[in-house]
2 protein chains.
Amino acid sequence: MKKLYKGNIIFTKEMQSFEEHKNSYIVVNDGVVEGIFQTLPEEYKNLEVTDFGNSMIIPGFNDLHVHAPQWLNMGIGYSEELLPWLEKYTFPLESAFADADFARVNYQRFIDDMVNCGTTRACIFATRHLEATQILIDLLKEKGIGAYVGKVNMDRNSSAALQEDTQDSINETLILAKQDMEYARLAAENGKAPLVRYILTPRFVPSTTPELMKALSEIAHEYDLPVQSHLDENKSEIAWVKELHPECESFTAVYKDYGLIMPNKTIMAHCVHNNDAEIKILKDEGVFVAHCPQSNMNLTSGIMPLRRYLDLGINVGLGSDVSGGHTVNMAAHITETINSSKAYHSFFPEYEPLSTSEAFYIATKGSGSFFGKVGSFEVGYDFDALVIDDTDLLYGQSYETLQERLEKYIYTGTPNNIKHRYVRGNEISNNFSK
Amino acid sequence: MKKLYKGNIIFTKEMQSFEEHKNSYIVVNDGVVEGIFQTLPEEYKNLEVTDFGNSMIIPGFNDLHVHAPQWLNMGIGYSEELLPWLEKYTFPLESAFADADFARVNYQRFIDDMVNCGTTRACIFATRHLEATQILIDLLKEKGIGAYVGKVNMDRNSSAALQEDTQDSINETLILAKQDMEYARLAAENGKAPLVRYILTPRFVPSTTPELMKALSEIAHEYDLPVQSHLDENKSEIAWVKELHPECESFTAVYKDYGLIMPNKTIMAHCVHNNDAEIKILKDEGVFVAHCPQSNMNLTSGIMPLRRYLDLGINVGLGSDVSGGHTVNMAAHITETINSSKAYHSFFPEYEPLSTSEAFYIATKGSGSFFGKVGSFEVGYDFDALVIDDTDLLYGQSYETLQERLEKYIYTGTPNNIKHRYVRGNEISNNFSK
């Protein structure tokens, strides 16, 4: 079924610049972009137009790294660095997700907040609890946004309440892998690609025994599953991994040696302190780096050398990393991306700061490409879109380019400026109320 | 007249920690704090209590550096550094304030936005236009918040529309100095200290001729006026000042040599790149440094060595620097202060990041001390306060300390959480609507 929308269309096909189509039409066929037209071709003239007037139509935001259960902790505990922060704030909260009712209420709030802020796809860490993870998956399916969701695997160095038995962790992982396979099979029968998928989620090296890592690798290969984890976030963490794994050359090498890097379908969050050999692995294996600049500042982790990764052609997407980050609003993480690159530039002038188009690309097409043809309005891309009414931000001023209006929205707008949200052509309802 | 408020009182007497008074009473006498009590002493028992329940009562925020006319440009132009940004975005907008009607409408929006966000005092740059500056002063008096307001002096290197004739600049400055003196005299007759004052405001060294600087210095000394300007913000700017003033040892020395540093009543915004000799002048003259971390990131100016200034005992307050900064909301600038210190720490580990209490102090008592006894709830301080209802941020979670709730508000709250605003004991109405 074809649909036709009209408005001020702006997106990033390439990082270097915005594509602007003022007062143009976008044709969507079964949720997929068929074309953008300034003047409507004859063949579409019978279609009903949904006219968004002077509003902007932009791609939805894609959050490549976020912890759903930590949502309640946003804004809390940033005087600590990573490891004590996990012990003091994160593990106690995650333990509460053993309670399915608690999980249901708070996962719904998390999803509603994300949708309100304009996130249309997300790669999500749940907790180690099977039931709560299944609830999160069901709630996401019900909402209609796209997601990869992982039950966290953690069988060492965790709090008493959170630490898993190794075999239980493997068994529960298999349950989710099989459910995911069945869900994908049913979707395929209906001619659709599933929107919510399972992703293997070892918490990070210090939390997973060699035995578990090996078992997860076997499952990953047997079920052809993607993988997400954390890498080189914090110097104390890196020193700890070195102690735990003297047999491996680096933190990145642990994942590689234990078979947990699935080529072109692995996300590693942070990557702040990777050495050259580690960066070569990221590049060679097509790893997606989830850049989390707000979290890296909040937890005093350091600044990721983003420009260096981009120059090397490494896949980079953007993560809110709630609750290392304090908001799920990706517009805020776009400005953090730019400003963290400016801070880096002030110490290493040879690395140029990111432009707005580059940061926007990372938050849309950069993260989106982990999901397929997502994050752009090129022909063949899923129509994941936000309609932005920025009237109340402009105060009657006019701007020559859509880029200026988009910048104004990113820096000064709020979720209230988002009037419609689409995922693969379907409008998503917004229920968030604070 | 005495008033009595009850709630969860939190403020920073010292930088190192918060003072917390849960469910306590604060007695305010003619706008000035008389005491805080857990149990109400007999003498106050006849006073009517305004009970704010579980809400927090915190000091109002004080913005030590902000450009009122640039408010419309928030979020625009951050791919440029300071000097091209001034030419391309700032000067054209400031030129529009030659029109009194345009000024009135937009200055009112600026004030309303500040009040909505919880700013109770501000040190404000207007434009070079006399009439528009008088309008801004009048609107601030009407609103009831505290402010220092400066007509900008700029008689060289400006755009054609903005550049002043030197003698006109001097004459208009004298008009404002005399009006201020008269206003203060009338206030004193009524036994009050005036809330809105004039402050001498040479834009920055490159914009003011030696002749004008000398004349402004004479006016400053004759009328005992405070001074505000910009200092060592950007490397190209500093190189330009060196070219313009080979006779002076440094950028800071230009202000000092031309008599524009009034001891203990001068604000210098930015101070990112000051050398040791310049820092010694700041310390010796009791200069207030207006730290503008968001602006310094947006305009790629660099990171101010805040911890170093604090260790030296230099006066530091916080500035939004709109529209170098993209919001007047000081809560955002508190998190930027913390995160900019964390970025600095990641390159210079010997300088510890700021704690929440330190950043909060700078935004309240740090900036406030430029206004007198402002920014704290110690006895004798003006009752400038915000009442924060954070119910919708807590989602039923309880926190042991008020500090955690305050952090949650600063990182995740919005102006909607502010239910009442007081300046020197008077409640300020909130008219902002977006």
# chains A, B, ... in the order shown; residues from 1 in each chain; ligands from 1
call {"tool": "interface_residues", "arguments": {"of": "chain A", "to": "chain B", "cutoff": "6 Å", "atoms": "only C-alpha atoms", "output": "number ranges by chain"}}
result
A: 75, 297, 300, 302, 339, 342, 346, 392, 408, 411, 434
call {"tool": "write_last_selection", "arguments": {"atoms": "all heavy atoms", "output": "CSV table (one decimal), in the first residue's frame"}}
result
chain,number,residue,atom,x,y,z
A,75,GLY,N,20.5,10.4,36.1
A,75,GLY,CA,20.8,11.5,36.9
A,75,GLY,C,21.3,11.3,38.3
A,75,GLY,O,21.6,12.2,39.0
A,297,MET,N,31.3,11.2,29.7
A,297,MET,CA,31.6,12.3,30.5
A,297,MET,C,31.0,12.1,32.0
A,297,MET,O,31.7,12.3,32.9
A,297,MET,CB,30.9,13.6,29.9
A,297,MET,CG,31.7,14.2,28.8
A,297,MET,SD,33.4,14.8,29.4
A,297,MET,CE,34.4,13.5,28.8
A,300,THR,N,33.2,9.9,33.9
A,300,THR,CA,34.6,10.3,33.9
A,300,THR,C,35.4,9.2,33.2
A,300,THR,O,36.5,8.9,33.7
A,300,THR,CB,35.2,10.6,35.3
A,300,THR,OG1,34.2,11.3,36.1
A,300,THR,CG2,36.4,11.5,35.2
A,302,GLY,N,36.5,9.2,29.9
A,302,GLY,CA,37.4,9.8,28.9
A,302,GLY,C,36.7,10.1,27.7
A,302,GLY,O,35.4,10.1,27.7
A,339,ASN,N,30.1,18.2,20.9
A,339,ASN,CA,30.9,18.9,21.9
A,339,ASN,C,32.0,18.1,22.4
A,339,ASN,O,33.1,18.6,22.8
A,339,ASN,CB,30.0,19.5,23.0
A,339,ASN,CG,29.3,20.8,22.5
A,339,ASN,OD1,29.6,21.3,21.5
A,339,ASN,ND2,28.4,21.3,23.3
A,342,LYS,N,34.7,18.5,20.0
A,342,LYS,CA,35.3,19.8,20.2
A,342,LYS,C,36.3,19.8,21.3
A,342,LYS,O,37.3,20.4,21.3
A,342,LYS,CB,34.2,20.9,20.3
A,342,LYS,CG,33.5,21.2,19.0
A,342,LYS,CD,32.4,22.2,19.1
A,342,LYS,CE,31.8,22.5,17.8
A,342,LYS,NZ,30.5,23.3,17.8
A,346,SER,N,40.3,20.3,21.1
A,346,SER,CA,41.1,21.3,21.9
A,346,SER,C,42.4,20.8,22.5
A,346,SER,O,43.3,21.6,22.7
A,346,SER,CB,40.2,22.0,23.0
A,346,SER,OG,40.0,21.1,24.0
A,392,ASP,N,7.2,26.9,17.4
A,392,ASP,CA,7.4,27.6,18.7
A,392,ASP,C,8.8,27.8,19.0
A,392,ASP,O,9.2,28.5,20.0
A,392,ASP,CB,6.6,26.9,19.8
A,392,ASP,CG,7.3,25.6,20.2
A,392,ASP,OD1,8.2,25.1,19.5
A,392,ASP,OD2,6.8,25.0,21.2
A,408,LYS,N,18.4,24.2,15.3
A,408,LYS,CA,17.6,24.9,16.3
A,408,LYS,C,16.8,23.9,17.1
A,408,LYS,O,16.7,23.9,18.3
A,408,LYS,CB,16.7,25.9,15.6
A,408,LYS,CG,16.0,26.9,16.5
A,408,LYS,CD,16.8,28.2,16.7
A,408,LYS,CE,16.0,29.2,17.5
A,408,LYS,NZ,16.9,30.2,18.2
A,411,TYR,N,19.3,21.7,19.3
A,411,TYR,CA,19.8,22.4,20.4
A,411,TYR,C,18.8,22.9,21.4
A,411,TYR,O,19.0,23.0,22.6
A,411,TYR,CB,20.7,23.5,20.0
A,411,TYR,CG,22.1,23.1,19.6
A,411,TYR,CD1,22.4,22.8,18.2
A,411,TYR,CD2,23.1,22.9,20.5
A,411,TYR,CE1,23.7,22.4,17.9
A,411,TYR,CE2,24.4,22.5,20.1
A,411,TYR,CZ,24.7,22.2,18.8
A,411,TYR,OH,25.9,21.8,18.4
A,434,LYS,N,4.5,12.9,32.0
A,434,LYS,CA,5.4,13.0,33.1
A,434,LYS,C,4.7,13.8,34.3
A,434,LYS,O,4.0,14.7,34.0
A,434,LYS,CB,6.6,13.9,32.7
A,434,LYS,CG,7.9,13.4,33.4
A,434,LYS,CD,9.1,14.2,32.9
A,434,LYS,CE,10.3,13.5,33.4
A,434,LYS,NZ,11.5,14.2,32.9
call {"tool": "select_by_dssp", "arguments": {"residues": "region 310-378 of chain B", "states": "strand (DSSP E or B)", "output": "list in words"}}
result
Asn315, Val316, Gly317, Leu318, Val322 and Gly325 of chain B
call {"tool": "residues_around", "arguments": {"residues": "region 44-54 of chain B", "least_positions_apart": "3", "cutoff": "9 Å", "atoms": "only C-alpha atoms", "output": "tab-separated table (two decimals) with N, CA, C and O atoms, in the first residue's frame"}}
result
chain	number	residue	atom	x	y	z
B	2	LYS	N	7.61	39.49	58.54
B	2	LYS	CA	8.18	38.15	58.60
B	2	LYS	C	7.31	37.12	57.88
B	2	LYS	O	6.09	37.15	57.98
B	3	LYS	N	7.98	36.21	57.19
B	3	LYS	CA	7.27	35.12	56.52
B	3	LYS	C	7.93	33.80	56.86
B	3	LYS	O	9.13	33.75	57.17
B	4	LEU	N	7.14	32.74	56.76
B	4	LEU	CA	7.60	31.45	57.22
B	4	LEU	C	7.28	30.41	56.13
B	4	LEU	O	6.14	30.28	55.71
B	5	TYR	N	8.32	29.71	55.68
B	5	TYR	CA	8.14	28.67	54.66
B	5	TYR	C	8.63	27.33	55.20
B	5	TYR	O	9.58	27.29	55.97
B	6	LYS	N	7.98	26.26	54.76
B	6	LYS	CA	8.37	24.93	55.22
B	6	LYS	C	8.59	24.02	54.01
B	6	LYS	O	7.84	24.05	53.04
B	7	GLY	N	9.64	23.21	54.11
B	7	GLY	CA	9.93	22.28	53.01
B	7	GLY	C	11.27	21.60	53.23
B	7	GLY	O	11.81	21.61	54.34
B	8	ASN	N	11.80	20.99	52.18
B	8	ASN	CA	13.10	20.33	52.23
B	8	ASN	C	14.14	21.30	51.69
B	8	ASN	O	14.24	21.51	50.48
B	22	LYS	N	15.89	18.74	56.15
B	22	LYS	CA	14.65	18.10	55.73
B	22	LYS	C	13.48	18.61	56.56
B	22	LYS	O	13.62	18.81	57.78
B	23	ASN	N	12.33	18.78	55.93
B	23	ASN	CA	11.11	19.20	56.63
B	23	ASN	C	11.38	20.29	57.65
B	23	ASN	O	11.05	20.16	58.82
B	25	TYR	N	11.81	24.68	58.66
B	25	TYR	CA	11.22	26.00	58.47
B	25	TYR	C	12.31	27.00	58.13
B	25	TYR	O	13.41	26.96	58.69
B	27	VAL	N	12.72	31.17	58.10
B	27	VAL	CA	12.09	32.43	58.47
B	27	VAL	C	12.72	33.54	57.64
B	27	VAL	O	13.95	33.66	57.58
B	40	LEU	N	10.20	24.69	65.27
B	40	LEU	CA	9.98	26.14	65.23
B	40	LEU	C	10.08	26.75	66.63
B	40	LEU	O	9.37	26.33	67.55
B	41	PRO	N	10.95	27.73	66.82
B	41	PRO	CA	11.04	28.40	68.13
B	41	PRO	C	9.73	29.13	68.46
B	41	PRO	O	8.97	29.53	67.56
B	57	ILE	N	13.29	23.34	48.64
B	57	ILE	CA	13.51	24.80	48.55
B	57	ILE	C	15.00	25.00	48.34
B	57	ILE	O	15.82	24.60	49.18
B	387	VAL	N	11.10	26.80	44.50
B	387	VAL	CA	10.43	25.65	45.11
B	387	VAL	C	10.28	24.59	44.02
B	387	VAL	O	9.63	24.82	43.00
B	389	ASP	N	9.10	20.98	42.88
B	389	ASP	CA	8.28	19.78	43.09
B	389	ASP	C	8.79	18.71	42.12
B	389	ASP	O	8.54	18.76	40.92
B	390	ASP	N	9.51	17.75	42.68
B	390	ASP	CA	10.16	16.73	41.84
B	390	ASP	C	9.39	15.41	41.82
B	390	ASP	O	9.93	14.39	41.38
B	391	THR	N	8.13	15.44	42.27
B	391	THR	CA	7.34	14.20	42.33
B	391	THR	C	7.41	13.40	41.03
B	391	THR	O	7.63	12.19	41.04
call {"tool": "residues_around", "arguments": {"residues": "Val28 (chain A)", "least_positions_apart": "6", "cutoff": "10 Å", "atoms": "only C-alpha atoms", "output": "MDAnalysis selection string"}}
result
chainID A and resid 1:5 34:36 377 379:383 424:425
call {"tool": "write_last_selection", "arguments": {"atoms": "all heavy atoms", "output": "short mmCIF file (atom, residue, chain, number, x, y, z; two decimals), in the first residue's frame"}}
result
data_model
loop_
_atom_site.label_atom_id
_atom_site.label_comp_id
_atom_site.auth_asym_id
_atom_site.auth_seq_id
_atom_site.Cartn_x
_atom_site.Cartn_y
_atom_site.Cartn_z
N MET A 1 0.83 -1.21 0.00
CA MET A 1 0.00 0.00 0.00
C MET A 1 0.86 1.26 0.00
O MET A 1 1.80 1.38 0.79
CB MET A 1 -0.89 -0.01 1.24
CG MET A 1 -1.93 1.09 1.22
SD MET A 1 -2.75 1.19 2.84
CE MET A 1 -3.37 2.85 2.79
N LYS A 2 0.53 2.18 -0.89
CA LYS A 2 1.35 3.39 -1.02
C LYS A 2 0.76 4.56 -0.22
O LYS A 2 -0.45 4.74 -0.18
CB LYS A 2 1.46 3.80 -2.50
CG LYS A 2 2.25 2.77 -3.28
CD LYS A 2 2.72 3.26 -4.63
CE LYS A 2 3.40 2.09 -5.34
NZ LYS A 2 3.98 2.44 -6.62
N LYS A 3 1.67 5.31 0.39
CA LYS A 3 1.25 6.51 1.12
C LYS A 3 2.11 7.68 0.68
O LYS A 3 3.24 7.50 0.23
CB LYS A 3 1.39 6.27 2.62
CG LYS A 3 0.35 5.29 3.16
CD LYS A 3 0.38 5.22 4.66
CE LYS A 3 -0.69 4.26 5.15
NZ LYS A 3 -0.59 4.04 6.61
N LEU A 4 1.54 8.86 0.86
CA LEU A 4 2.19 10.06 0.35
C LEU A 4 2.20 11.12 1.46
O LEU A 4 1.16 11.45 2.01
CB LEU A 4 1.37 10.55 -0.86
CG LEU A 4 1.90 11.65 -1.72
CD1 LEU A 4 3.28 11.34 -2.26
CD2 LEU A 4 0.93 11.87 -2.89
N TYR A 5 3.39 11.62 1.77
CA TYR A 5 3.53 12.66 2.80
C TYR A 5 4.20 13.88 2.19
O TYR A 5 5.06 13.75 1.32
CB TYR A 5 4.38 12.14 3.96
CG TYR A 5 3.84 10.88 4.58
CD1 TYR A 5 4.32 9.62 4.22
CD2 TYR A 5 2.82 10.93 5.53
CE1 TYR A 5 3.81 8.45 4.77
CE2 TYR A 5 2.30 9.77 6.11
CZ TYR A 5 2.80 8.53 5.71
OH TYR A 5 2.30 7.39 6.26
N GLU A 34 9.90 5.05 -1.55
CA GLU A 34 9.94 4.79 -3.00
C GLU A 34 10.52 5.98 -3.76
O GLU A 34 11.03 5.83 -4.87
CB GLU A 34 8.52 4.49 -3.50
CG GLU A 34 8.45 4.01 -4.92
CD GLU A 34 7.12 3.34 -5.23
OE1 GLU A 34 6.84 2.27 -4.63
OE2 GLU A 34 6.34 3.89 -6.02
N GLY A 35 10.48 7.15 -3.14
CA GLY A 35 11.07 8.29 -3.81
C GLY A 35 10.68 9.61 -3.14
O GLY A 35 9.72 9.66 -2.37
N ILE A 36 11.43 10.65 -3.44
CA ILE A 36 11.14 12.01 -2.96
C ILE A 36 11.02 12.90 -4.18
O ILE A 36 11.85 12.84 -5.09
CB ILE A 36 12.26 12.52 -2.03
CG1 ILE A 36 12.33 11.66 -0.76
CG2 ILE A 36 12.04 13.99 -1.68
CD1 ILE A 36 13.50 12.00 0.14
N PHE A 377 16.33 8.48 4.09
CA PHE A 377 15.15 8.45 3.23
C PHE A 377 15.52 8.12 1.79
O PHE A 377 14.79 8.44 0.85
CB PHE A 377 14.40 9.79 3.29
CG PHE A 377 13.76 10.10 4.62
CD1 PHE A 377 13.72 11.40 5.11
CD2 PHE A 377 13.19 9.09 5.40
CE1 PHE A 377 13.12 11.71 6.32
CE2 PHE A 377 12.60 9.38 6.63
CZ PHE A 377 12.56 10.69 7.08
N VAL A 379 15.90 5.75 -1.46
CA VAL A 379 14.99 4.73 -1.99
C VAL A 379 15.37 3.37 -1.41
O VAL A 379 16.54 3.01 -1.37
CB VAL A 379 15.06 4.70 -3.54
CG1 VAL A 379 14.25 3.52 -4.09
CG2 VAL A 379 14.55 6.02 -4.11
N GLY A 380 14.36 2.65 -0.95
CA GLY A 380 14.60 1.32 -0.39
C GLY A 380 14.77 1.31 1.13
O GLY A 380 14.82 0.24 1.73
N TYR A 381 14.87 2.49 1.74
CA TYR A 381 15.00 2.56 3.20
C TYR A 381 13.62 2.47 3.87
O TYR A 381 12.63 2.97 3.35
CB TYR A 381 15.71 3.85 3.61
CG TYR A 381 17.21 3.68 3.64
CD1 TYR A 381 17.92 3.49 2.45
CD2 TYR A 381 17.91 3.65 4.84
CE1 TYR A 381 19.30 3.29 2.47
CE2 TYR A 381 19.28 3.45 4.87
CZ TYR A 381 19.97 3.27 3.69
OH TYR A 381 21.32 3.06 3.72
N ASP A 382 13.60 1.84 5.04
CA ASP A 382 12.38 1.85 5.85
C ASP A 382 11.98 3.29 6.15
O ASP A 382 12.84 4.11 6.48
CB ASP A 382 12.61 1.11 7.18
CG ASP A 382 12.58 -0.42 7.00
OD1 ASP A 382 12.39 -0.89 5.86
OD2 ASP A 382 12.75 -1.12 8.01
N PHE A 383 10.68 3.57 6.06
CA PHE A 383 10.21 4.91 6.43
C PHE A 383 10.05 4.99 7.94
O PHE A 383 8.99 4.77 8.50
CB PHE A 383 8.89 5.24 5.71
CG PHE A 383 8.42 6.65 5.95
CD1 PHE A 383 9.13 7.74 5.46
CD2 PHE A 383 7.25 6.90 6.68
CE1 PHE A 383 8.69 9.05 5.70
CE2 PHE A 383 6.81 8.20 6.91
CZ PHE A 383 7.53 9.27 6.42
N ARG A 424 8.82 2.00 9.99
CA ARG A 424 8.52 1.23 8.79
C ARG A 424 7.11 1.57 8.27
O ARG A 424 6.31 0.69 7.95
CB ARG A 424 8.66 -0.26 9.07
CG ARG A 424 8.95 -1.06 7.81
CD ARG A 424 9.07 -2.53 8.11
NE ARG A 424 10.39 -2.87 8.61
CZ ARG A 424 10.67 -4.03 9.21
NH1 ARG A 424 9.72 -4.92 9.41
NH2 ARG A 424 11.88 -4.29 9.62
N GLY A 425 6.81 2.85 8.28
CA GLY A 425 5.56 3.32 7.70
C GLY A 425 4.37 3.34 8.64
O GLY A 425 3.34 3.94 8.32
#
call {"tool": "closest_residue", "arguments": {"among": "A:Arg156, A:Ala193, A:His230, A:Leu176", "to": "Ser207 (chain A)", "atoms": "only C-alpha atoms"}}
result
A:Arg156
call {"tool": "closest_residue", "arguments": {"among": "A:Tyr255, A:Tyr89, A:Phe11, A:Phe61", "to": "Ala332 (chain A)", "atoms": "only C-alpha atoms"}}
result
A:Phe61
call {"tool": "select_by_dssp", "arguments": {"residues": "region 151-375 of chain A", "states": "helix (DSSP H, G or I)", "output": "VMD selection string"}}
result
chain A and resid 166 to 189 205 to 207 210 to 223 235 to 244 251 to 257 276 to 284 293 to 298 306 to 311 330 to 347 356 to 368
call {"tool": "decode", "arguments": {"residues": "region 374-388 of chain B", "atoms": "N, CA and C atoms", "output": "short mmCIF file (atom, residue, chain, number, x, y, z; two decimals), in the first residue's frame"}}
result
data_model
loop_
_atom_site.label_atom_id
_atom_site.label_comp_id
_atom_site.auth_asym_id
_atom_site.auth_seq_id
_atom_site.Cartn_x
_atom_site.Cartn_y
_atom_site.Cartn_z
N VAL B 374 23.85 36.89 48.36
CA VAL B 374 22.89 36.26 47.43
C VAL B 374 23.40 34.88 47.04
N GLY B 375 22.48 33.91 47.03
CA GLY B 375 22.84 32.59 46.52
C GLY B 375 22.99 31.53 47.60
N SER B 376 22.60 31.87 48.82
CA SER B 376 22.67 30.92 49.93
C SER B 376 21.50 31.22 50.86
N PHE B 377 21.26 30.32 51.82
CA PHE B 377 20.21 30.57 52.82
C PHE B 377 20.82 30.80 54.20
N GLU B 378 22.09 31.22 54.24
CA GLU B 378 22.66 31.58 55.53
C GLU B 378 21.94 32.83 56.06
N VAL B 379 22.01 33.03 57.37
CA VAL B 379 21.37 34.20 57.98
C VAL B 379 21.93 35.47 57.35
N GLY B 380 21.04 36.39 56.98
CA GLY B 380 21.46 37.65 56.38
C GLY B 380 21.44 37.64 54.86
N TYR B 381 21.24 36.48 54.27
CA TYR B 381 21.18 36.39 52.81
C TYR B 381 19.78 36.74 52.29
N ASP B 382 19.74 37.37 51.13
CA ASP B 382 18.46 37.61 50.46
C ASP B 382 17.76 36.28 50.21
N PHE B 383 16.45 36.24 50.45
CA PHE B 383 15.70 35.02 50.17
C PHE B 383 15.35 34.99 48.68
N ASP B 384 16.31 34.54 47.88
CA ASP B 384 16.11 34.25 46.46
C ASP B 384 15.97 32.73 46.38
N ALA B 385 14.80 32.26 46.02
CA ALA B 385 14.56 30.82 46.18
C ALA B 385 13.69 30.26 45.08
N LEU B 386 13.87 28.95 44.86
CA LEU B 386 13.00 28.19 43.96
C LEU B 386 12.37 27.06 44.76
N VAL B 387 11.10 26.80 44.50
CA VAL B 387 10.43 25.65 45.11
C VAL B 387 10.28 24.59 44.02
N ILE B 388 10.94 23.45 44.26
CA ILE B 388 11.02 22.39 43.24
C ILE B 388 10.14 21.22 43.65
#
